[in-house]
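**Q** Before I ask anything, here is the structure I am working with.
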Amino acid sequence: MINVFANSDDKLIPRKIIFGNPDKANVQISNDGKYISYLSNKSGVLNIFIAPIDDINNVKSITNDTKRGISNYFWSYDNSHILYLKDNDGDENARIHKININTLKDKIITPENGVKAIILKNSYKFPNEIMIGLNQRKKEYFDVYKLNIQNDTLSLMYENNKYISFSIDDNYQIKFGYHPIEDGGNQIYLFDDKIEIPFLKISHEDSKTTGIVGFTEKGDKAYFVSSIDRDVSSLFLLDLKTKNKELIYSNAKADIENIILQPKTKQLQAISYSYLKQDYQFIDTKFEEDYNILKEISKNGQIIIKSRDLEDNKWLVVFDYDDKPIQYYLYDRTNKKATYLFSNNDELSNYSLTKMHPIVIKTRDELDLVSYISIPNDIKKSQNDYKTTKPAPMVLLVHGGPNARDYWGLNSTHQWLSNRGYVVLSVNYRGSTGFGKNFINAGNGEWAAKMHDDLIDAVDWAVSEKIADKDKIAIMGGSYGGYATLVGLTFTPDIFACGVDIVGPSNLITLVNSVPEYWKPIINSLKLMLGGDHKTKEGEEIYKKKSPLFYVDKITKPLLIGQGANDPRVKQAESDQIVDLMKKHKIPVIYALYPDEGHGFMRPENRLSFYAITEGFFAKYLGGRYEQIKNDFENSSILIKEGEDLLPNKIEIKK
């Protein structure tokens with residue numbers, strides 16, 4: 001029975017506010033410090049807007065996308081152009097667009113017909129050029145080109161037949177190439193006067209926590225993150241001629257996440273890392289002084305320096321909180337003045353949000369799982385604690401990757417579900433990044449095994465703490481999180497009351513056989529992560545044992561599946577085949593397909609339609625609160641391929 005109610009202290013937050021487009025996103029400063037830019041709504045689609053930095057209300061839209069919207073853009077160093085990447089309905093074959101901010105002329109400047117473009121380097125020393133990669137000649141590898149953004153000419157700099165990535169300095173010199181080797185690791189080659197010399201061999205166990213992250217101004221030394229001969233990655237200064245390395249910083253619990261370099265001099269200013277929350281190690285005292293001024297303003301918010309002008313005098317700063325909208329400030333370093341600009345979602349300020357509590361959960365084999373839990377406001381014992389007055393329905397929200405991680409901060413899904421009455425738990429299971437190479441590599445070969453045990457241990461913890469009602473626990477996630485959902489309903493069907501799988505693979509054999517061409521050079525790393533070579537009889541059996549598809553008959557709980565038809569990573573066949581088998585076994589399932597989406601749902605109309613179904617689905621099987629469906633399916637491309645009769649509230653989908 002669907003529960004529809006709200007009390008005056010904790011109003012239902014409309015789905016449109018949570019999952020619609022933000023008011024402002026991806027805010028940046030031009031390199032000359034004269035303009036501010038951001039993504040915002042134009043007829044319901046995210047487009048790029050700019051305004052003079054000293055008159056931000058004098059704003060104008062400079063793009064006119066009408067379908068999926070823009071997400072990734074950057075300023076050229078000529079300060080007259082903005083470049084952005086856009087694919088075709090989620091196929092990930094991104095093309096580079098340039099737009100002149102004065103004439104508003106928008107032009108595509110890289111090839112089409114299935115060619116993927118990537119940005120390799122942008123340097124102030126070459127304001128009219130950028131370095132890009134194209135896989136036009138050979139789909140597996142990206143040739144290196146210099147692209148002139150004034151006349152759109154492409155100059156081939158390097159024909160690539162072996163490297164999966166490059167390190168390029170500000171002088172547009174290719175310094176290093178990363179060549180995948182048999183054990184799943186990389187051999188780094190030094191490019192020295194057109195000669196490629198083996199420089200450093202990185203084993204698979206170090207490959208995700210070791211590499212070049214920047215160069216000094218002259219390019220003779222590199223900032224080098226490494227976990228070789230240690231667990232957590234640490235930052236070194238590496239002399240490219242002598243190979244001598246000087247340790248700069250190492251954290252006891254967390255890998256190096258990012259380094260902050262002065263835009264022109266490339267002097268190291270600070271190092272960021274995240275364990276429970278983001279933190280910094282400061283190198284430059286003036287930088288630290290400015291940070292401390294911002295810290296006084298933000299109070300308990302995380303501070304992220306999102307964009308800076310070339311002279312490093314103006315900063316665009318993000319204050320990230322767990323229980324209120326993201327705030328954007330302009331910081332003038334010369335006058336030590338911070339000016340509030342706007343938030344990412346003004347309407348969200350009208351509702352009571354919940355806090356996200358960082359916790360550490362022990363596994364059965366004594367690993368520490370950094371996790372985040374959100375408690376509905378009406379059942380929490382206190383504002384600063386995750387303890388509850390009674391056990392409640394819970395959603396286990398599993399991140400994708402799996403070599404990725406969950407973070408503390410404003411999380412739309414946490415806020416939505418906790419507002420509906422659910423405890424929400426996100427777990428950095430083994431294989432997640434940020435906690436040292438041993439933790440990452442502990443996930444190798446453990447899909448549907450110890451990685452899933454970690455999730456079950458977290459559920460058991462929540463039940464033992466009397467936070468979660470053991471009979472009302474759902475599992476939900478995208479990509480690997482979708483796979484974990486399918487594993488949860490097949491391998492441990494008694495634990496979960498229902499599951500929501502978004503673009504999750506069901507069969508590891510077909511997953512590996514259908515990876516994008518440009519993933520094939522790293523296939524050995526993927527096979528090691530999955531636990532074997534699928535082309536051998538033994539490896540095929542291992543993959544079968546870890547694939548939910550072969551355990552469909554174990555599914556006894558309701559399942560909702562969402563899939564993008566153009567997903568190049570987890571192809572539509574991954575969802576089709578498990579749905580077909582469930583139909584054969586007469587097991588109910590709701591299957592929502594989006595013809596204009598890829599690996600996830602980018603269009604807000606599609607997000608709204610899927611989360612409307614999800615909310616009704618959870619309300620039916622967990623008993624939480626539910627916002628009635630009104631215009632949630634307007635302009636969505638959703639196709640219900642299976643289970644239309646199972647939809648909440650008898651939703652009618654236009655054919």
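To be explicit about the labels: the chains of the structure tokens are called A, B, and onward in the order shown, and within each one the residues are counted from 1, while ligands get numbers from 1 in the order they are shown.
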Pick out the residues sitting within 9 Å of A:Glu634, and hand them over as JSON, numbers by chain; count only C-alpha atoms, and ignore anything fewer than 6 positions along from it in its own chain.

**A** {"A": [605, 606, 609]}

**Q** Using only N, CA and C atoms, please write the residues we just selected to a file, as an mmCIF file, in the first residue's frame.

**A**
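The result, written out as selection-v3.cif:
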data_model
loop_
_atom_site.group_PDB
_atom_site.id
_atom_site.type_symbol
_atom_site.label_atom_id
_atom_site.label_comp_id
_atom_site.auth_asym_id
_atom_site.auth_seq_id
_atom_site.Cartn_x
_atom_site.Cartn_y
_atom_site.Cartn_z
ATOM 1 N N GLU A 605 14.242 15.054 -17.852
ATOM 2 C CA GLU A 605 12.941 14.416 -18.060
ATOM 3 C C GLU A 605 13.029 12.904 -17.847
ATOM 4 N N ASN A 606 14.157 12.323 -18.246
ATOM 5 C CA ASN A 606 14.340 10.887 -18.070
ATOM 6 C C ASN A 606 14.637 10.529 -16.617
ATOM 7 N N SER A 609 11.325 10.678 -14.714
ATOM 8 C CA SER A 609 10.435 9.543 -14.963
ATOM 9 C C SER A 609 10.922 8.298 -14.246
#

**Q** Stretch 335-570 of chain A: which residues are helix (DSSP H, G or I) by DSSP, as a ChimeraX atom specification?

**A** /A:346-350,377-379,412-419,437-441,450-464,480-491,508-513,517-530,537-545,548-554

**Q** With distances taken over only C-alpha atoms, which of A:Tyr611, A:Tyr372, A:Tyr35, A:Phe342 is nearest to A:Asn79?

**A**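 Result for the nearest residue to A:Asn79: A:Tyr35.
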
**Q** What parts of stretch 291-357 of chain A does DSSP call strand (DSSP E)? I'd like the answer as a VMD selection string.

**A** chain A and resid 302 to 308 314 to 320 327 to 332 337 to 343 356 to 357

**Q** For the selection just defined, write its residues with N, CA and C atoms to a file, as a PDB file, in the first residue's frame.

**A**
ATOM      1  N   GLN A 302      32.901  21.888   3.174  1.00  0.00           N
ATOM      2  CA  GLN A 302      34.134  21.559   2.473  1.00  0.00           C
ATOM      3  C   GLN A 302      34.426  22.663   1.466  1.00  0.00           C
ATOM      4  N   ILE A 303      35.701  23.031   1.338  1.00  0.00           N
ATOM      5  CA  ILE A 303      36.098  24.112   0.438  1.00  0.00           C
ATOM      6  C   ILE A 303      36.783  23.509  -0.779  1.00  0.00           C
ATOM      7  N   ILE A 304      36.246  23.834  -1.961  1.00  0.00           N
ATOM      8  CA  ILE A 304      36.831  23.354  -3.211  1.00  0.00           C
ATOM      9  C   ILE A 304      37.118  24.566  -4.085  1.00  0.00           C
ATOM     10  N   ILE A 305      38.375  24.740  -4.457  1.00  0.00           N
ATOM     11  CA  ILE A 305      38.739  25.829  -5.363  1.00  0.00           C
ATOM     12  C   ILE A 305      38.492  25.317  -6.772  1.00  0.00           C
ATOM     13  N   LYS A 306      37.385  25.755  -7.356  1.00  0.00           N
ATOM     14  CA  LYS A 306      36.895  25.176  -8.612  1.00  0.00           C
ATOM     15  C   LYS A 306      37.612  25.749  -9.825  1.00  0.00           C
ATOM     16  N   SER A 307      37.959  27.037  -9.775  1.00  0.00           N
ATOM     17  CA  SER A 307      38.534  27.698 -10.948  1.00  0.00           C
ATOM     18  C   SER A 307      39.332  28.909 -10.494  1.00  0.00           C
ATOM     19  N   ARG A 308      40.374  29.252 -11.274  1.00  0.00           N
ATOM     20  CA  ARG A 308      41.209  30.407 -10.945  1.00  0.00           C
ATOM     21  C   ARG A 308      41.619  31.123 -12.223  1.00  0.00           C
ATOM     22  N   LYS A 314      42.156  35.662  -8.560  1.00  0.00           N
ATOM     23  CA  LYS A 314      40.724  35.456  -8.347  1.00  0.00           C
ATOM     24  C   LYS A 314      40.429  33.966  -8.319  1.00  0.00           C
ATOM     25  N   TRP A 315      39.662  33.572  -7.317  1.00  0.00           N
ATOM     26  CA  TRP A 315      39.274  32.169  -7.171  1.00  0.00           C
ATOM     27  C   TRP A 315      37.756  32.050  -7.238  1.00  0.00           C
ATOM     28  N   LEU A 316      37.290  31.042  -7.926  1.00  0.00           N
ATOM     29  CA  LEU A 316      35.895  30.648  -7.844  1.00  0.00           C
ATOM     30  C   LEU A 316      35.851  29.482  -6.866  1.00  0.00           C
ATOM     31  N   VAL A 317      35.173  29.678  -5.747  1.00  0.00           N
ATOM     32  CA  VAL A 317      35.225  28.721  -4.639  1.00  0.00           C
ATOM     33  C   VAL A 317      33.854  28.095  -4.405  1.00  0.00           C
ATOM     34  N   VAL A 318      33.859  26.801  -4.172  1.00  0.00           N
ATOM     35  CA  VAL A 318      32.652  26.058  -3.849  1.00  0.00           C
ATOM     36  C   VAL A 318      32.662  25.698  -2.374  1.00  0.00           C
ATOM     37  N   PHE A 319      31.574  25.997  -1.677  1.00  0.00           N
ATOM     38  CA  PHE A 319      31.369  25.508  -0.316  1.00  0.00           C
ATOM     39  C   PHE A 319      30.368  24.363  -0.397  1.00  0.00           C
ATOM     40  N   ASP A 320      30.823  23.178  -0.075  1.00  0.00           N
ATOM     41  CA  ASP A 320      29.995  21.976  -0.183  1.00  0.00           C
ATOM     42  C   ASP A 320      29.559  21.539   1.213  1.00  0.00           C
ATOM     43  N   GLN A 327      27.186  26.340  -2.264  1.00  0.00           N
ATOM     44  CA  GLN A 327      27.312  27.793  -2.394  1.00  0.00           C
ATOM     45  C   GLN A 327      28.566  28.140  -3.193  1.00  0.00           C
ATOM     46  N   TYR A 328      28.433  29.167  -4.038  1.00  0.00           N
ATOM     47  CA  TYR A 328      29.558  29.629  -4.855  1.00  0.00           C
ATOM     48  C   TYR A 328      29.972  31.024  -4.397  1.00  0.00           C
ATOM     49  N   TYR A 329      31.283  31.201  -4.215  1.00  0.00           N
ATOM     50  CA  TYR A 329      31.850  32.491  -3.819  1.00  0.00           C
ATOM     51  C   TYR A 329      32.951  32.892  -4.798  1.00  0.00           C
ATOM     52  N   LEU A 330      33.094  34.200  -4.982  1.00  0.00           N
ATOM     53  CA  LEU A 330      34.235  34.751  -5.705  1.00  0.00           C
ATOM     54  C   LEU A 330      35.191  35.327  -4.666  1.00  0.00           C
ATOM     55  N   TYR A 331      36.431  34.842  -4.689  1.00  0.00           N
ATOM     56  CA  TYR A 331      37.408  35.298  -3.696  1.00  0.00           C
ATOM     57  C   TYR A 331      38.488  36.128  -4.381  1.00  0.00           C
ATOM     58  N   ASP A 332      38.646  37.355  -3.899  1.00  0.00           N
ATOM     59  CA  ASP A 332      39.673  38.281  -4.378  1.00  0.00           C
ATOM     60  C   ASP A 332      40.878  38.161  -3.448  1.00  0.00           C
ATOM     61  N   LYS A 337      38.977  39.339   0.041  1.00  0.00           N
ATOM     62  CA  LYS A 337      37.531  39.522   0.153  1.00  0.00           C
ATOM     63  C   LYS A 337      36.793  38.403  -0.580  1.00  0.00           C
ATOM     64  N   ALA A 338      35.833  37.790   0.105  1.00  0.00           N
ATOM     65  CA  ALA A 338      34.999  36.748  -0.490  1.00  0.00           C
ATOM     66  C   ALA A 338      33.591  37.294  -0.706  1.00  0.00           C
ATOM     67  N   THR A 339      33.082  37.149  -1.917  1.00  0.00           N
ATOM     68  CA  THR A 339      31.757  37.648  -2.267  1.00  0.00           C
ATOM     69  C   THR A 339      30.856  36.484  -2.638  1.00  0.00           C
ATOM     70  N   TYR A 340      29.717  36.384  -1.954  1.00  0.00           N
ATOM     71  CA  TYR A 340      28.755  35.321  -2.279  1.00  0.00           C
ATOM     72  C   TYR A 340      28.142  35.588  -3.643  1.00  0.00           C
ATOM     73  N   LEU A 341      28.072  34.553  -4.476  1.00  0.00           N
ATOM     74  CA  LEU A 341      27.501  34.684  -5.805  1.00  0.00           C
ATOM     75  C   LEU A 341      26.092  34.107  -5.875  1.00  0.00           C
ATOM     76  N   PHE A 342      25.954  32.812  -5.624  1.00  0.00           N
ATOM     77  CA  PHE A 342      24.673  32.117  -5.726  1.00  0.00           C
ATOM     78  C   PHE A 342      24.840  30.688  -5.233  1.00  0.00           C
ATOM     79  N   SER A 343      23.721  29.979  -5.139  1.00  0.00           N
ATOM     80  CA  SER A 343      23.766  28.558  -4.792  1.00  0.00           C
ATOM     81  C   SER A 343      23.446  27.735  -6.029  1.00  0.00           C
ATOM     82  N   MET A 356      24.604  14.005   6.544  1.00  0.00           N
ATOM     83  CA  MET A 356      25.259  12.764   6.151  1.00  0.00           C
ATOM     84  C   MET A 356      26.372  12.489   7.159  1.00  0.00           C
ATOM     85  N   HIS A 357      26.299  11.339   7.822  1.00  0.00           N
ATOM     86  CA  HIS A 357      27.255  11.021   8.880  1.00  0.00           C
ATOM     87  C   HIS A 357      28.331  10.065   8.374  1.00  0.00           C
TER      88      HIS A 357
END

**Q** Can you tell me, as a list in words, what residues are no more than 9 Å from A:Arg430 when counting only C-alpha atoms, ignoring any on the same chain fewer than 3 positions away?

**A**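 My reading of the contact set: Leu367, Asp368, Leu369, Pro402, Thr433, Phe439, Ile440, Asn441, Ala442, Gly443, Asn444, Glu446, Lys450, Met451 and Asp454 of chain A.
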
**Q** Could you pull the residues within 12 Å of A:Lys105, counting only C-alpha atoms, minus those fewer than 4 positions along the same chain, as a list in words?

**A**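 Near A:Lys105, the qualifying residues are Ile62, Thr63, Asn64, Ser80, His81, Ile82, Leu83, His97, Lys98, Ile99, Asn100 and Ile101 of chain A.
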
**Q** Which distance in Å separates atom CA of A:Cys498 and atom CA of A:Asn631, to one decimal?

**A**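 The value is 25.7 Å.
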
**Q** Considering only C-alpha atoms, can you say which of A:Ile181, A:Asp469, A:Thr490, A:Ile359 comes closest to A:Tyr386?

**A** A:Ile359

**Q** Which of these, A:Val487, A:Ile119, A:Ile522, A:Ile373, has the shortest distance to A:Lys162 once you count only C-alpha atoms?

**A**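 Once distances to A:Lys162 are computed over only C-alpha atoms, the minimum belongs to A:Ile522.
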
**Q** In terms of the shortest atom-to-atom distance over only C-alpha atoms, which of A:Thr66, A:Ser71, A:Ser525, A:Asn428 is closest to A:Asp183?

**A** A:Ser525

**Q** Point out the residue among A:Tyr626, A:Tyr280, A:Phe287, A:Phe166 with the least atom-to-atom distance to A:Ser418, counting only C-alpha atoms.

**A**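 Using only C-alpha atoms, A:Ser418 sits closest to A:Tyr626.
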
**Q** Which residues are near A:Val463? Cut-off 10 Å, only C-alpha atoms, ignore same chain within fewer than 6 positions. Put them as number ranges by chain.

**A** A: 391-392, 394, 457, 469-471, 473

**Q** Near stretch 540-551 of chain A, within 9 Å and counting only C-alpha atoms, which residues show up once chain neighbours fewer than 2 positions away are dropped, as number ranges by chain?

**A** A: 446-449, 483, 486-491, 505-509, 530-538, 553-555, 574, 577-578, 581
